[in-house]
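*Asks:* Supplied structure: data.cif, mmCIF, C-alpha atoms and all ligand atoms.
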data_protein
#
loop_
_atom_site.label_atom_id
_atom_site.label_comp_id
_atom_site.auth_asym_id
_atom_site.auth_seq_id
_atom_site.Cartn_x
_atom_site.Cartn_y
_atom_site.Cartn_z
CA MET A 1 93.06 -74.97 -174.93
CA LYS A 2 92.94 -78.16 -172.92
CA ILE A 3 95.53 -77.80 -170.19
CA GLY A 4 96.92 -80.03 -167.43
CA PHE A 5 98.30 -78.14 -164.39
CA ILE A 6 100.48 -79.90 -161.80
CA GLY A 7 101.50 -78.10 -158.59
CA LEU A 8 98.79 -75.78 -157.33
CA GLY A 9 100.60 -74.08 -154.46
CA ASN A 10 101.07 -70.37 -153.74
CA MET A 11 102.01 -69.62 -157.34
CA GLY A 12 100.36 -72.45 -159.30
CA ALA A 13 96.85 -71.96 -157.86
CA PRO A 14 96.36 -68.35 -159.00
CA MET A 15 98.07 -69.07 -162.35
CA ALA A 16 95.71 -72.01 -163.03
CA ALA A 17 92.71 -69.98 -161.86
CA ASN A 18 93.61 -67.19 -164.32
CA LEU A 19 93.81 -69.71 -167.19
CA ALA A 20 90.41 -71.15 -166.26
CA ALA A 21 88.91 -67.65 -165.94
CA ALA A 22 90.20 -66.87 -169.46
CA GLY A 23 88.12 -69.79 -170.79
CA HIS A 24 90.71 -72.57 -170.95
CA ASP A 25 89.77 -76.11 -169.92
CA VAL A 26 92.11 -76.77 -166.97
CA THR A 27 92.55 -80.09 -165.15
CA GLY A 28 94.78 -79.96 -162.07
CA PHE A 29 96.72 -82.22 -159.73
CA ASP A 30 98.55 -81.53 -156.49
CA VAL A 31 99.72 -83.97 -153.81
CA ALA A 32 98.42 -81.64 -151.07
CA ALA A 33 96.80 -78.38 -152.20
CA ALA A 34 93.10 -77.86 -152.96
CA MET A 35 91.90 -77.06 -156.50
CA PRO A 36 91.42 -73.36 -157.26
CA GLU A 37 88.17 -72.09 -158.72
CA GLY A 38 87.41 -73.33 -162.22
CA VAL A 39 89.98 -76.16 -162.18
CA THR A 40 88.83 -79.80 -162.44
CA LYS A 41 90.62 -82.21 -160.10
CA ALA A 42 92.51 -85.18 -161.60
CA ALA A 43 93.35 -88.33 -159.64
CA SER A 44 97.05 -88.29 -160.62
CA ALA A 45 99.66 -86.21 -162.44
CA ALA A 46 99.45 -88.58 -165.43
CA GLN A 47 95.70 -88.06 -165.64
CA THR A 48 96.08 -84.30 -166.22
CA ALA A 49 97.90 -85.20 -169.46
CA ALA A 50 94.97 -87.03 -171.07
CA GLY A 51 94.00 -85.03 -174.16
CA ALA A 52 95.99 -81.99 -172.98
CA GLU A 53 97.75 -79.80 -175.56
CA VAL A 54 99.90 -78.28 -172.82
CA VAL A 55 100.85 -79.65 -169.39
CA ILE A 56 102.10 -76.97 -166.99
CA THR A 57 104.16 -77.73 -163.88
CA MET A 58 104.75 -75.33 -160.96
CA LEU A 59 106.75 -77.41 -158.47
CA PRO A 60 109.23 -76.83 -155.63
CA ASN A 61 112.49 -78.12 -157.20
CA GLY A 62 114.29 -80.04 -159.94
CA ASP A 63 114.13 -83.47 -158.26
CA ILE A 64 110.34 -83.27 -157.97
CA LEU A 65 110.09 -81.96 -161.54
CA ARG A 66 112.11 -84.96 -162.79
CA ARG A 67 109.86 -87.39 -160.88
CA VAL A 68 106.67 -85.75 -162.17
CA ALA A 69 108.09 -85.67 -165.72
CA ASP A 70 108.82 -89.43 -165.54
CA GLU A 71 105.16 -89.99 -164.78
CA VAL A 72 103.59 -87.43 -167.11
CA ILE A 73 105.68 -87.64 -170.29
CA PRO A 74 104.56 -91.21 -171.20
CA ALA A 75 100.92 -90.14 -170.70
CA MET A 76 101.14 -87.02 -172.94
CA GLU A 77 99.85 -86.98 -176.50
CA LYS A 78 102.39 -86.63 -179.36
CA GLY A 79 103.05 -82.98 -180.21
CA ALA A 80 101.93 -81.71 -176.79
CA VAL A 81 104.10 -79.25 -174.85
CA LEU A 82 105.40 -79.67 -171.31
CA LEU A 83 105.66 -76.14 -169.89
CA ASP A 84 107.61 -75.94 -166.62
CA CYS A 85 107.23 -72.62 -164.79
CA SER A 86 109.04 -73.72 -161.59
CA THR A 87 112.47 -72.40 -160.67
CA VAL A 88 114.77 -75.42 -160.97
CA ASP A 89 118.42 -76.15 -161.80
CA VAL A 90 119.46 -75.75 -165.44
CA ASP A 91 120.56 -79.41 -165.67
CA SER A 92 117.10 -80.70 -164.62
CA ALA A 93 115.38 -78.37 -167.11
CA ARG A 94 117.64 -79.66 -169.93
CA ALA A 95 117.24 -83.33 -168.88
CA VAL A 96 113.44 -83.05 -168.87
CA ALA A 97 113.50 -81.33 -172.27
CA GLU A 98 115.59 -84.19 -173.73
CA GLN A 99 113.24 -86.76 -172.24
CA ALA A 100 110.24 -84.91 -173.74
CA ALA A 101 111.89 -84.66 -177.17
CA ALA A 102 112.67 -88.41 -177.15
CA ALA A 103 108.96 -89.06 -176.56
CA GLY A 104 107.87 -86.87 -179.51
CA LEU A 105 106.90 -83.92 -177.30
CA SER A 106 108.45 -80.54 -176.74
CA ALA A 107 109.35 -78.79 -173.51
CA VAL A 108 109.60 -75.14 -172.55
CA ASP A 109 111.21 -73.99 -169.29
CA ALA A 110 109.63 -70.69 -168.34
CA PRO A 111 110.44 -69.65 -164.77
CA VAL A 112 108.80 -66.49 -163.54
CA SER A 113 109.57 -63.26 -161.82
CA GLY A 114 106.84 -61.34 -159.98
CA GLY A 115 105.93 -63.50 -156.97
CA VAL A 116 102.50 -64.40 -155.60
CA GLY A 117 101.13 -60.89 -156.24
CA GLY A 118 102.14 -61.12 -159.89
CA ALA A 119 100.64 -64.62 -160.18
CA GLN A 120 97.32 -63.38 -158.78
CA ALA A 121 97.22 -60.26 -160.92
CA GLY A 122 98.37 -62.11 -164.07
CA THR A 123 101.37 -59.78 -164.42
CA LEU A 124 104.26 -62.24 -164.14
CA THR A 125 107.35 -62.00 -166.33
CA PHE A 126 108.31 -65.30 -168.00
CA MET A 127 111.82 -66.08 -169.25
CA ALA A 128 111.60 -69.04 -171.56
CA GLY A 129 113.89 -71.67 -173.07
CA GLY A 130 112.93 -74.23 -175.72
CA PRO A 131 112.10 -74.60 -179.41
CA GLU A 132 110.60 -71.54 -181.15
CA GLU A 133 107.42 -73.42 -182.25
CA ALA A 134 106.76 -74.71 -178.73
CA PHE A 135 107.24 -71.19 -177.34
CA ALA A 136 104.80 -69.84 -179.95
CA LYS A 137 102.25 -72.46 -178.91
CA VAL A 138 102.37 -71.61 -175.19
CA ARG A 139 102.69 -67.86 -175.70
CA PRO A 140 98.91 -67.18 -175.46
CA LEU A 141 98.91 -68.96 -172.08
CA LEU A 142 101.92 -66.96 -170.88
CA GLU A 143 100.03 -63.82 -171.91
CA VAL A 144 97.10 -64.81 -169.68
CA MET A 145 99.33 -65.58 -166.68
CA GLY A 146 101.78 -62.75 -167.20
CA ALA A 147 102.50 -59.35 -168.70
CA LYS A 148 105.76 -60.20 -170.46
CA ALA A 149 107.42 -63.29 -171.93
CA VAL A 150 110.97 -63.30 -173.29
CA HIS A 151 112.24 -66.22 -175.39
CA CYS A 152 115.87 -66.68 -174.28
CA GLY A 153 116.96 -69.54 -176.57
CA PRO A 154 117.05 -73.34 -176.33
CA ALA A 155 116.07 -75.57 -173.38
CA GLY A 156 117.38 -74.45 -170.01
CA ASN A 157 117.96 -70.85 -171.08
CA GLY A 158 114.89 -69.62 -169.20
CA GLN A 159 116.36 -71.01 -165.98
CA ALA A 160 119.78 -69.61 -166.92
CA ALA A 161 118.28 -66.11 -167.35
CA LYS A 162 116.41 -66.37 -164.05
CA ILE A 163 119.43 -67.37 -161.93
CA CYS A 164 121.74 -64.84 -163.58
CA ASN A 165 119.19 -62.10 -162.86
CA ASN A 166 118.72 -63.20 -159.27
CA MET A 167 122.46 -63.54 -158.67
CA ILE A 168 122.81 -59.88 -159.66
CA LEU A 169 119.82 -59.00 -157.47
CA GLY A 170 121.12 -60.89 -154.39
CA ALA A 171 124.60 -59.38 -154.56
CA THR A 172 123.25 -55.90 -155.30
CA MET A 173 120.81 -56.00 -152.39
CA ILE A 174 123.58 -57.04 -150.01
CA VAL A 175 125.93 -54.26 -151.05
CA THR A 176 123.12 -51.69 -151.00
CA CYS A 177 122.35 -52.70 -147.40
CA GLU A 178 126.05 -52.63 -146.47
CA ALA A 179 126.32 -49.16 -147.93
CA PHE A 180 123.33 -47.86 -145.90
CA ALA A 181 124.83 -49.33 -142.71
CA LEU A 182 128.20 -47.74 -143.53
CA ALA A 183 126.51 -44.41 -144.29
CA ASP A 184 124.78 -44.55 -140.88
CA ARG A 185 128.12 -44.94 -139.12
CA LEU A 186 129.65 -42.12 -141.17
CA GLY A 187 126.79 -39.82 -140.16
CA LEU A 188 125.35 -39.61 -143.67
CA ASP A 189 121.58 -39.13 -143.69
CA ARG A 190 119.68 -41.98 -145.39
CA GLN A 191 117.50 -39.69 -147.46
CA ALA A 192 120.57 -37.81 -148.72
CA MET A 193 122.25 -41.13 -149.52
CA PHE A 194 119.15 -42.25 -151.48
CA ASP A 195 118.89 -38.91 -153.32
CA VAL A 196 122.51 -39.17 -154.46
CA VAL A 197 122.81 -42.89 -155.21
CA SER A 198 119.42 -43.32 -156.90
CA THR A 199 120.48 -40.76 -159.53
CA SER A 200 124.15 -41.77 -159.70
CA SER A 201 126.22 -44.69 -160.91
CA GLY A 202 125.48 -46.74 -157.76
CA SER A 203 121.78 -46.87 -158.64
CA SER A 204 120.04 -50.21 -159.06
CA TRP A 205 116.61 -51.80 -158.75
CA SER A 206 117.47 -52.63 -155.12
CA MET A 207 118.08 -48.96 -154.33
CA ASN A 208 115.61 -47.19 -156.62
CA THR A 209 112.55 -49.47 -156.64
CA TYR A 210 112.89 -51.77 -153.62
CA CYS A 211 114.83 -49.58 -151.21
CA PRO A 212 115.78 -51.60 -148.08
CA ALA A 213 115.64 -48.52 -145.81
CA PRO A 214 112.20 -47.90 -144.23
CA GLY A 215 110.59 -44.59 -145.17
CA ILE A 216 113.00 -43.95 -148.03
CA GLY A 217 112.10 -44.21 -151.74
CA PRO A 218 108.95 -45.92 -153.04
CA LYS A 219 106.92 -48.21 -150.72
CA SER A 220 108.70 -51.55 -150.27
CA PRO A 221 108.72 -54.45 -147.75
CA ALA A 222 111.05 -52.33 -145.57
CA ASP A 223 107.97 -50.17 -144.88
CA ASN A 224 106.04 -53.24 -143.75
CA ASP A 225 108.46 -54.57 -141.13
CA TYR A 226 110.26 -56.59 -143.84
CA LYS A 227 107.37 -58.98 -144.42
CA PRO A 228 107.93 -60.54 -147.88
CA GLY A 229 107.79 -59.47 -150.71
CA PHE A 230 110.48 -61.76 -151.87
CA ALA A 231 111.52 -63.97 -148.96
CA ALA A 232 115.20 -64.39 -148.07
CA ASP A 233 114.60 -68.18 -148.20
CA LEU A 234 113.62 -67.96 -151.88
CA MET A 235 116.62 -65.74 -152.65
CA LEU A 236 118.81 -68.39 -151.02
CA LYS A 237 117.24 -71.10 -153.19
CA ASP A 238 118.00 -69.10 -156.36
CA LEU A 239 121.56 -68.26 -155.27
CA ARG A 240 122.19 -71.96 -154.63
CA LEU A 241 120.88 -72.79 -158.10
CA ALA A 242 123.20 -70.13 -159.55
CA GLN A 243 126.21 -71.72 -157.79
CA LYS A 244 125.16 -75.19 -158.90
CA ALA A 245 125.02 -73.95 -162.50
CA ALA A 246 128.34 -72.12 -162.11
CA GLU A 247 129.99 -75.32 -160.87
CA SER A 248 128.49 -77.33 -163.69
CA ALA A 249 129.60 -74.74 -166.30
CA GLU A 250 132.97 -74.06 -164.55
CA ALA A 251 132.20 -70.33 -164.34
CA ASP A 252 134.04 -68.18 -161.78
CA THR A 253 131.39 -66.36 -159.68
CA PRO A 254 133.01 -65.16 -156.43
CA LEU A 255 130.39 -62.53 -155.57
CA GLY A 256 127.53 -64.92 -156.34
CA GLN A 257 129.23 -67.44 -154.02
CA ALA A 258 129.64 -64.83 -151.25
CA ALA A 259 126.00 -63.74 -151.63
CA MET A 260 124.85 -67.35 -151.34
CA GLU A 261 126.93 -67.88 -148.18
CA LEU A 262 125.62 -64.70 -146.57
CA TYR A 263 121.96 -65.52 -147.31
CA ALA A 264 122.54 -69.08 -146.03
CA GLN A 265 123.87 -67.68 -142.75
CA PHE A 266 121.03 -65.15 -142.56
CA VAL A 267 118.28 -67.73 -143.18
CA GLU A 268 119.73 -70.74 -141.38
CA SER A 269 121.64 -69.32 -138.40
CA GLU A 270 120.16 -65.83 -137.88
CA ASP A 271 116.66 -64.38 -138.05
CA GLY A 272 116.28 -64.21 -141.84
CA LYS A 273 113.83 -67.09 -142.32
CA GLY A 274 110.42 -65.80 -143.35
CA ARG A 275 111.66 -62.20 -143.70
CA ASP A 276 112.05 -60.23 -146.89
CA PHE A 277 115.47 -60.48 -148.54
CA SER A 278 115.97 -56.73 -147.97
CA ALA A 279 116.03 -57.39 -144.19
CA MET A 280 119.80 -57.61 -144.71
CA LEU A 281 119.78 -53.90 -143.77
CA PRO A 282 118.75 -54.33 -140.09
CA ARG A 283 121.17 -57.28 -140.02
CA PHE A 284 124.12 -55.05 -140.98
CA GLU A 285 122.86 -52.18 -138.81
CA ASN A 286 123.09 -54.39 -135.73
CA ARG A 287 126.57 -55.73 -136.42
CA ARG A 288 130.09 -54.40 -136.12
CA ARG A 289 133.03 -55.18 -138.33
CA ALA A 290 134.28 -58.70 -137.51
P1 LIG B 301 104.50 -74.01 -153.09
O1 LIG B 301 105.27 -74.89 -152.18
O2 LIG B 301 103.45 -73.12 -152.52
O3 LIG B 301 103.79 -74.92 -154.24
C1 LIG B 301 104.31 -76.10 -154.75
C2 LIG B 301 103.17 -77.10 -154.86
O4 LIG B 301 103.65 -78.30 -155.49
C3 LIG B 301 102.58 -77.51 -153.51
O5 LIG B 301 101.19 -77.25 -153.49
C4 LIG B 301 102.90 -79.00 -153.41
O6 LIG B 301 101.90 -79.75 -152.73
C5 LIG B 301 102.97 -79.39 -154.87
N1 LIG B 301 103.71 -80.62 -155.13
C6 LIG B 301 104.88 -81.03 -154.58
N2 LIG B 301 105.24 -82.23 -155.09
C7 LIG B 301 104.28 -82.57 -155.98
C8 LIG B 301 104.09 -83.70 -156.83
N3 LIG B 301 104.97 -84.69 -156.87
N4 LIG B 301 102.97 -83.72 -157.60
C9 LIG B 301 102.07 -82.71 -157.56
N5 LIG B 301 102.20 -81.62 -156.78
C10 LIG B 301 103.29 -81.56 -156.00
O7 LIG B 301 105.58 -73.18 -153.90
P2 LIG B 301 105.33 -71.84 -154.77
O8 LIG B 301 105.63 -70.65 -153.95
O9 LIG B 301 104.04 -71.97 -155.47
O10 LIG B 301 106.54 -71.95 -155.81
C11 LIG B 301 106.49 -72.83 -156.92
C12 LIG B 301 107.72 -72.59 -157.77
O11 LIG B 301 107.75 -71.22 -158.21
C13 LIG B 301 109.05 -72.83 -157.05
O12 LIG B 301 109.94 -73.46 -157.95
C14 LIG B 301 109.50 -71.43 -156.68
O13 LIG B 301 110.91 -71.33 -156.58
C15 LIG B 301 108.98 -70.64 -157.86
N6 LIG B 301 108.76 -69.21 -157.58
C16 LIG B 301 108.08 -68.84 -156.46
C17 LIG B 301 107.88 -67.49 -156.21
C18 LIG B 301 107.13 -67.03 -154.97
O14 LIG B 301 107.16 -65.84 -154.68
N7 LIG B 301 106.46 -67.92 -154.25
C19 LIG B 301 108.37 -66.53 -157.10
C20 LIG B 301 109.02 -66.94 -158.26
C21 LIG B 301 109.21 -68.29 -158.49
#
Please render this file's structure as structure tokens.
*Replies:*
Amino acid sequence: MKIGFIGLGNMGAPMAANLAAAGHDVTGFDVAAAMPEGVTKAASAAQTAAGAEVVITMLPNGDILRRVADEVIPAMEKGAVLLDCSTVDVDSARAVAEQAAAAGLSAVDAPVSGGVGGAQAGTLTFMAGGPEEAFAKVRPLLEVMGAKAVHCGPAGNGQAAKICNNMILGATMIVTCEAFALADRLGLDRQAMFDVVSTSSGSSWSMNTYCPAPGIGPKSPADNDYKPGFAADLMLKDLRLAQKAAESAEADTPLGQAAMELYAQFVESEDGKGRDFSAMLPRFENRRRA
């Protein structure tokens, strides 16, 4: 397929390189980053759209996506698909999809889970929103860049699935870390706590797969001095998007709100910036009840 790829940062570069390695004809544009191997450089975002059946974006946020869409949509050929893999707010995803539809194109929002390692290995999970036919068209590309793609419904539903998942993850990680810090103070051994909880009703991905306590459970960023992994800054971004969506949809999400506030404090006023999101455990360990 002839593909345009805009935004070749930490995630976009390996994703585009995997598409090129699979034999696709990929033309890329980034305001700053260098082109990965196999990707032809375009002079502008609009230029990546020339003759492209699919234009992929992997950008920092919804405002930038909207700006890039304004430039790229008029340059895309009728029937082409705009595939946004960035994590952005649901409203931006839906606005861009409407703009694409009005121009005779279709749009799929397909944010990812799996991080830079997953992008490099081609094992990302995509959660997608948009018309069935457009999803079917981009599916072979998602299969190159990832291991799993779930169609979640109409435009914006990929972003909705992503922020709901990460709201659960953020709140669950916090309470798992709180519980370890409480267990410490109660004299309960961490290994015993893991052995019980990981096979009981308190179990979760945060406890069983990504345990925040060093030396306990499978290898995780806790065993590597809390180097990310999944950075606390990125968790904060997703929790903010979840609250933005909750406000827009008038949903009551008190724990999601509390999780967002705690990660904001951790990243912006404490030492959370650049650390894995599971570094909430040493944070709680070092604090007393307020
Ligand atoms: P990044 O900052 O490394 O890459 C973004 C790229 O977009 C940069 O190279 C930047 O120069 C480029 N860019 C910015 N404005 C542009 C414009 N107007 N035109 C063209 N290029 C432009 O970020 P990343 O880590 O690759 O993340 C990309 C997206 O993926 C984000 O939405 C992020 O939330 C999401 N995401 C990241 C991870 C992760 O672990 N890094 C995991 C899941 C999802």
*Asks:* Just the number, please: distance in Å from CA of Val31 (chain A) to CA of Gly274 (chain A), one decimal.
*Replies:* 23.5 Å
*Asks:* By how many Å are CA of Gly153 (chain A) and CA of Gly129 (chain A) apart?
*Replies:*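 It comes out at 5.1 Å.
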*Asks:* Nearest to Gly146 (chain A) among A:Ala249, A:Ala213, A:Leu169, A:Ala16, with distances taken over all atoms listed in the file: which residue is it?
*Replies:*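 Of A:Ala249, A:Ala213, A:Leu169, A:Ala16, the one nearest Gly146 (chain A) is A:Ala16, counting all atoms listed in the file.
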*Asks:* Do you have the CA of Phe230 (chain A)-CA of Asn165 (chain A) distance handy?
*Replies:*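 So the two atoms, CA of Phe230 (chain A) and CA of Asn165 (chain A), lie 14.0 Å apart.
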*Asks:* Restricting the calculation to only C-alpha atoms, which member of A:Leu186, A:Ala34, A:Val116, A:Ile174 is positioned closest to Glu261 (chain A)?
*Replies:*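 Closest to Glu261 (chain A) of all the choices is A:Ile174.
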*Asks:* List every residue of chain A that has an atom at most 7 Å from any atom of ligand LIG 301 (chain B), giving for each one its closest atom pair and the distance in Å to one decimal, counting all atoms listed in the file, sorted by chain and then by ascending residue number, as CSV.
*Replies:*
residue,atom,partner,partner_atom,distance
A:Ile6,CA,B:LIG301,C9,5.3
A:Gly7,CA,B:LIG301,O4,3.8
A:Leu8,CA,B:LIG301,O5,4.8
A:Gly9,CA,B:LIG301,O3,3.3
A:Asn10,CA,B:LIG301,O9,3.8
A:Met11,CA,B:LIG301,O9,3.6
A:Gly12,CA,B:LIG301,O9,5.3
A:Phe29,CA,B:LIG301,C9,5.8
A:Asp30,CA,B:LIG301,N5,3.7
A:Val31,CA,B:LIG301,N5,4.5
A:Ala32,CA,B:LIG301,O6,4.3
A:Ala33,CA,B:LIG301,O5,4.7
A:Ala45,CA,B:LIG301,N4,6.4
A:Met58,CA,B:LIG301,C11,5.1
A:Leu59,CA,B:LIG301,O4,4.4
A:Pro60,CA,B:LIG301,O12,4.2
A:Asn61,CA,B:LIG301,O12,5.4
A:Ile64,CA,B:LIG301,N3,5.7
A:Arg67,CA,B:LIG301,N3,6.9
A:Val68,CA,B:LIG301,N3,5.7
A:Cys85,CA,B:LIG301,O11,6.7
A:Ser86,CA,B:LIG301,O12,3.8
A:Thr87,CA,B:LIG301,O12,3.9
A:Val88,CA,B:LIG301,O12,6.0
A:Pro111,CA,B:LIG301,C21,6.5
A:Val112,CA,B:LIG301,C20,5.3
A:Ser113,CA,B:LIG301,C20,5.1
A:Gly114,CA,B:LIG301,C19,6.1
A:Gly115,CA,B:LIG301,O14,3.5
A:Val116,CA,B:LIG301,O14,5.0
A:Phe230,CA,B:LIG301,O14,6.0
A:Leu234,CA,B:LIG301,O13,6.4
*Asks:* Would you compute, for all listed atoms of region 161-166 of chain A, the axis-aligned bounding box grown by 5 Å on each side, and then report its centre and edge lengths in Å rounded to one decimal, as JSON?
*Replies:*
{"center_x": 119.1, "center_y": -64.7, "center_z": -163.3, "size_x": 15.3, "size_y": 15.3, "size_z": 18.1}
*Asks:* Can you pull out every residue within 6 Å of Val55 (chain A), counting all atoms listed in the file, but drop anything in the same chain fewer than 3 positions away, and send it as a PyMOL selection string?
*Replies:* chain A and resi 3-5+82-83
*Asks:* Between A:Gly187, A:Ala179, A:Arg275, A:Asp109, single out the one closest to Ala161 (chain A), counting only C-alpha atoms.
*Replies:*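 Of A:Gly187, A:Ala179, A:Arg275, A:Asp109, the one nearest Ala161 (chain A) is A:Asp109, counting only C-alpha atoms.
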*Asks:* Identify which of the residues A:Arg139, A:Ile168, A:Lys227, A:Ser200 lies closest to Thr253 (chain A), counting all atoms listed in the file when measuring atom-to-atom distances.
*Replies:*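 Checking each candidate against Thr253 (chain A), we get A:Ile168 as the closest.
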*Asks:* Check the smallest atom-to-atom distance from each of A:Ala279, A:Val39, A:Leu239, A:Val267 to Cys177 (chain A) using all atoms listed in the file, then report the winner.
*Replies:*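 Among the listed residues, A:Ala279 lies closest to Cys177 (chain A).
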*Asks:* Could you name the residues that touch Val54 (chain A) at 12 Å or less, counting only C-alpha atoms, but leaving out those on the same chain fewer than 6 positions away, as a PDB file with C-alpha atoms, in the frame of the given file?
*Replies:*
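Below is the file that was written, selection-v8.pdb:
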ATOM      1  CA  MET A   1      93.060 -74.970-174.930  1.00  0.00           C
ATOM      2  CA  LYS A   2      92.940 -78.160-172.920  1.00  0.00           C
ATOM      3  CA  ILE A   3      95.530 -77.800-170.190  1.00  0.00           C
ATOM      4  CA  GLY A   4      96.920 -80.030-167.430  1.00  0.00           C
ATOM      5  CA  PHE A   5      98.300 -78.140-164.390  1.00  0.00           C
ATOM      6  CA  ILE A   6     100.480 -79.900-161.800  1.00  0.00           C
ATOM      7  CA  LEU A  19      93.810 -69.710-167.190  1.00  0.00           C
ATOM      8  CA  HIS A  24      90.710 -72.570-170.950  1.00  0.00           C
ATOM      9  CA  ASP A  25      89.770 -76.110-169.920  1.00  0.00           C
ATOM     10  CA  VAL A  26      92.110 -76.770-166.970  1.00  0.00           C
ATOM     11  CA  THR A  27      92.550 -80.090-165.150  1.00  0.00           C
ATOM     12  CA  THR A  48      96.080 -84.300-166.220  1.00  0.00           C
ATOM     13  CA  VAL A  72     103.590 -87.430-167.110  1.00  0.00           C
ATOM     14  CA  ILE A  73     105.680 -87.640-170.290  1.00  0.00           C
ATOM     15  CA  MET A  76     101.140 -87.020-172.940  1.00  0.00           C
ATOM     16  CA  GLU A  77      99.850 -86.980-176.500  1.00  0.00           C
ATOM     17  CA  LYS A  78     102.390 -86.630-179.360  1.00  0.00           C
ATOM     18  CA  GLY A  79     103.050 -82.980-180.210  1.00  0.00           C
ATOM     19  CA  ALA A  80     101.930 -81.710-176.790  1.00  0.00           C
ATOM     20  CA  VAL A  81     104.100 -79.250-174.850  1.00  0.00           C
ATOM     21  CA  LEU A  82     105.400 -79.670-171.310  1.00  0.00           C
ATOM     22  CA  LEU A  83     105.660 -76.140-169.890  1.00  0.00           C
ATOM     23  CA  ASP A  84     107.610 -75.940-166.620  1.00  0.00           C
ATOM     24  CA  LEU A 105     106.900 -83.920-177.300  1.00  0.00           C
ATOM     25  CA  SER A 106     108.450 -80.540-176.740  1.00  0.00           C
ATOM     26  CA  ALA A 107     109.350 -78.790-173.510  1.00  0.00           C
ATOM     27  CA  VAL A 108     109.600 -75.140-172.550  1.00  0.00           C
ATOM     28  CA  ALA A 134     106.760 -74.710-178.730  1.00  0.00           C
ATOM     29  CA  PHE A 135     107.240 -71.190-177.340  1.00  0.00           C
ATOM     30  CA  LYS A 137     102.250 -72.460-178.910  1.00  0.00           C
ATOM     31  CA  VAL A 138     102.370 -71.610-175.190  1.00  0.00           C
ATOM     32  CA  ARG A 139     102.690 -67.860-175.700  1.00  0.00           C
ATOM     33  CA  PRO A 140      98.910 -67.180-175.460  1.00  0.00           C
ATOM     34  CA  LEU A 141      98.910 -68.960-172.080  1.00  0.00           C
ATOM     35  CA  LEU A 142     101.920 -66.960-170.880  1.00  0.00           C
TER      36      LEU A 142
END
*Asks:* So, with all atoms listed in the file as the atoms that count, which of A:Glu98, A:Glu285, A:Asp89, A:Asp70 lies closest to Lys237 (chain A)?
*Replies:*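 Among A:Glu98, A:Glu285, A:Asp89, A:Asp70, it is A:Asp89 that comes nearest to Lys237 (chain A).
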*Asks:* If I put a ball of radius 9 Å at (109.0, -60.3, -165.5) in the file's coordinates, which residues poke into it when counting only C-alpha atoms, written as number ranges by chain?
*Replies:* A: 112-114, 118, 123-127, 146-150
*Asks:* Name the residues within 9 Å of (124.3, -71.0, -158.1), counting all atoms listed in the file in the file's coordinates, and put them as a list in words.
*Replies:* Asp89, Ile163, Cys164, Met167, Lys237, Asp238, Leu239, Arg240, Leu241, Ala242, Gln243, Lys244, Ala245, Ala246, Glu247, Thr253, Gly256, Gln257 and Met260 of chain A
*Asks:* Leaving out Ala183 (chain A) and any residue of its chain fewer than 5 positions from it, which residues lie within 12 Å of it when counting all atoms listed in the file, given as an MDAnalysis selection string?
*Replies:* chainID A and resid 175:178 188:194 197 213 281 284:285
*Asks:* When you look at Gly217 (chain A) with a cut-off of 12 Å (counting all atoms listed in the file), what residues show up, excluding the ones that are within fewer than 3 positions of it in the same chain? I need them as a PyMOL selection string.
*Replies:* chain A and resi 190-199+205-214+220-223
*Asks:* Once you have the residues from the selection above, write them out as a short mmCIF file (atom, residue, chain, number, x, y, z; two decimals), in the coordinates of the input, restricted to C-alpha atoms.
*Replies:*
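Just written: part13.cif:
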data_model
loop_
_atom_site.label_atom_id
_atom_site.label_comp_id
_atom_site.auth_asym_id
_atom_site.auth_seq_id
_atom_site.Cartn_x
_atom_site.Cartn_y
_atom_site.Cartn_z
CA ARG A 190 119.68 -41.98 -145.39
CA GLN A 191 117.50 -39.69 -147.46
CA ALA A 192 120.57 -37.81 -148.72
CA MET A 193 122.25 -41.13 -149.52
CA PHE A 194 119.15 -42.25 -151.48
CA ASP A 195 118.89 -38.91 -153.32
CA VAL A 196 122.51 -39.17 -154.46
CA VAL A 197 122.81 -42.89 -155.21
CA SER A 198 119.42 -43.32 -156.90
CA THR A 199 120.48 -40.76 -159.53
CA TRP A 205 116.61 -51.80 -158.75
CA SER A 206 117.47 -52.63 -155.12
CA MET A 207 118.08 -48.96 -154.33
CA ASN A 208 115.61 -47.19 -156.62
CA THR A 209 112.55 -49.47 -156.64
CA TYR A 210 112.89 -51.77 -153.62
CA CYS A 211 114.83 -49.58 -151.21
CA PRO A 212 115.78 -51.60 -148.08
CA ALA A 213 115.64 -48.52 -145.81
CA PRO A 214 112.20 -47.90 -144.23
CA SER A 220 108.70 -51.55 -150.27
CA PRO A 221 108.72 -54.45 -147.75
CA ALA A 222 111.05 -52.33 -145.57
CA ASP A 223 107.97 -50.17 -144.88
#
*Asks:* Grab region 143-147 of chain A from that structure and dump N, CA and C atoms to a file, as a CSV table (one decimal), in the first residue's frame.
*Replies:*
chain,number,residue,atom,x,y,z
A,143,GLU,N,-2.1,-5.1,11.5
A,143,GLU,CA,-1.5,-6.4,11.8
A,143,GLU,C,0.1,-6.4,11.6
A,144,VAL,N,0.6,-5.5,10.8
A,144,VAL,CA,2.0,-5.3,10.7
A,144,VAL,C,2.6,-4.6,11.9
A,145,MET,N,1.9,-3.6,12.4
A,145,MET,CA,2.4,-2.8,13.5
A,145,MET,C,2.1,-3.4,14.9
A,146,GLY,N,1.1,-4.3,14.9
A,146,GLY,CA,0.7,-4.8,16.2
A,146,GLY,C,0.3,-6.2,16.2
A,147,ALA,N,-0.1,-6.7,17.3
A,147,ALA,CA,-0.4,-8.2,17.5
A,147,ALA,C,-1.9,-8.3,17.6
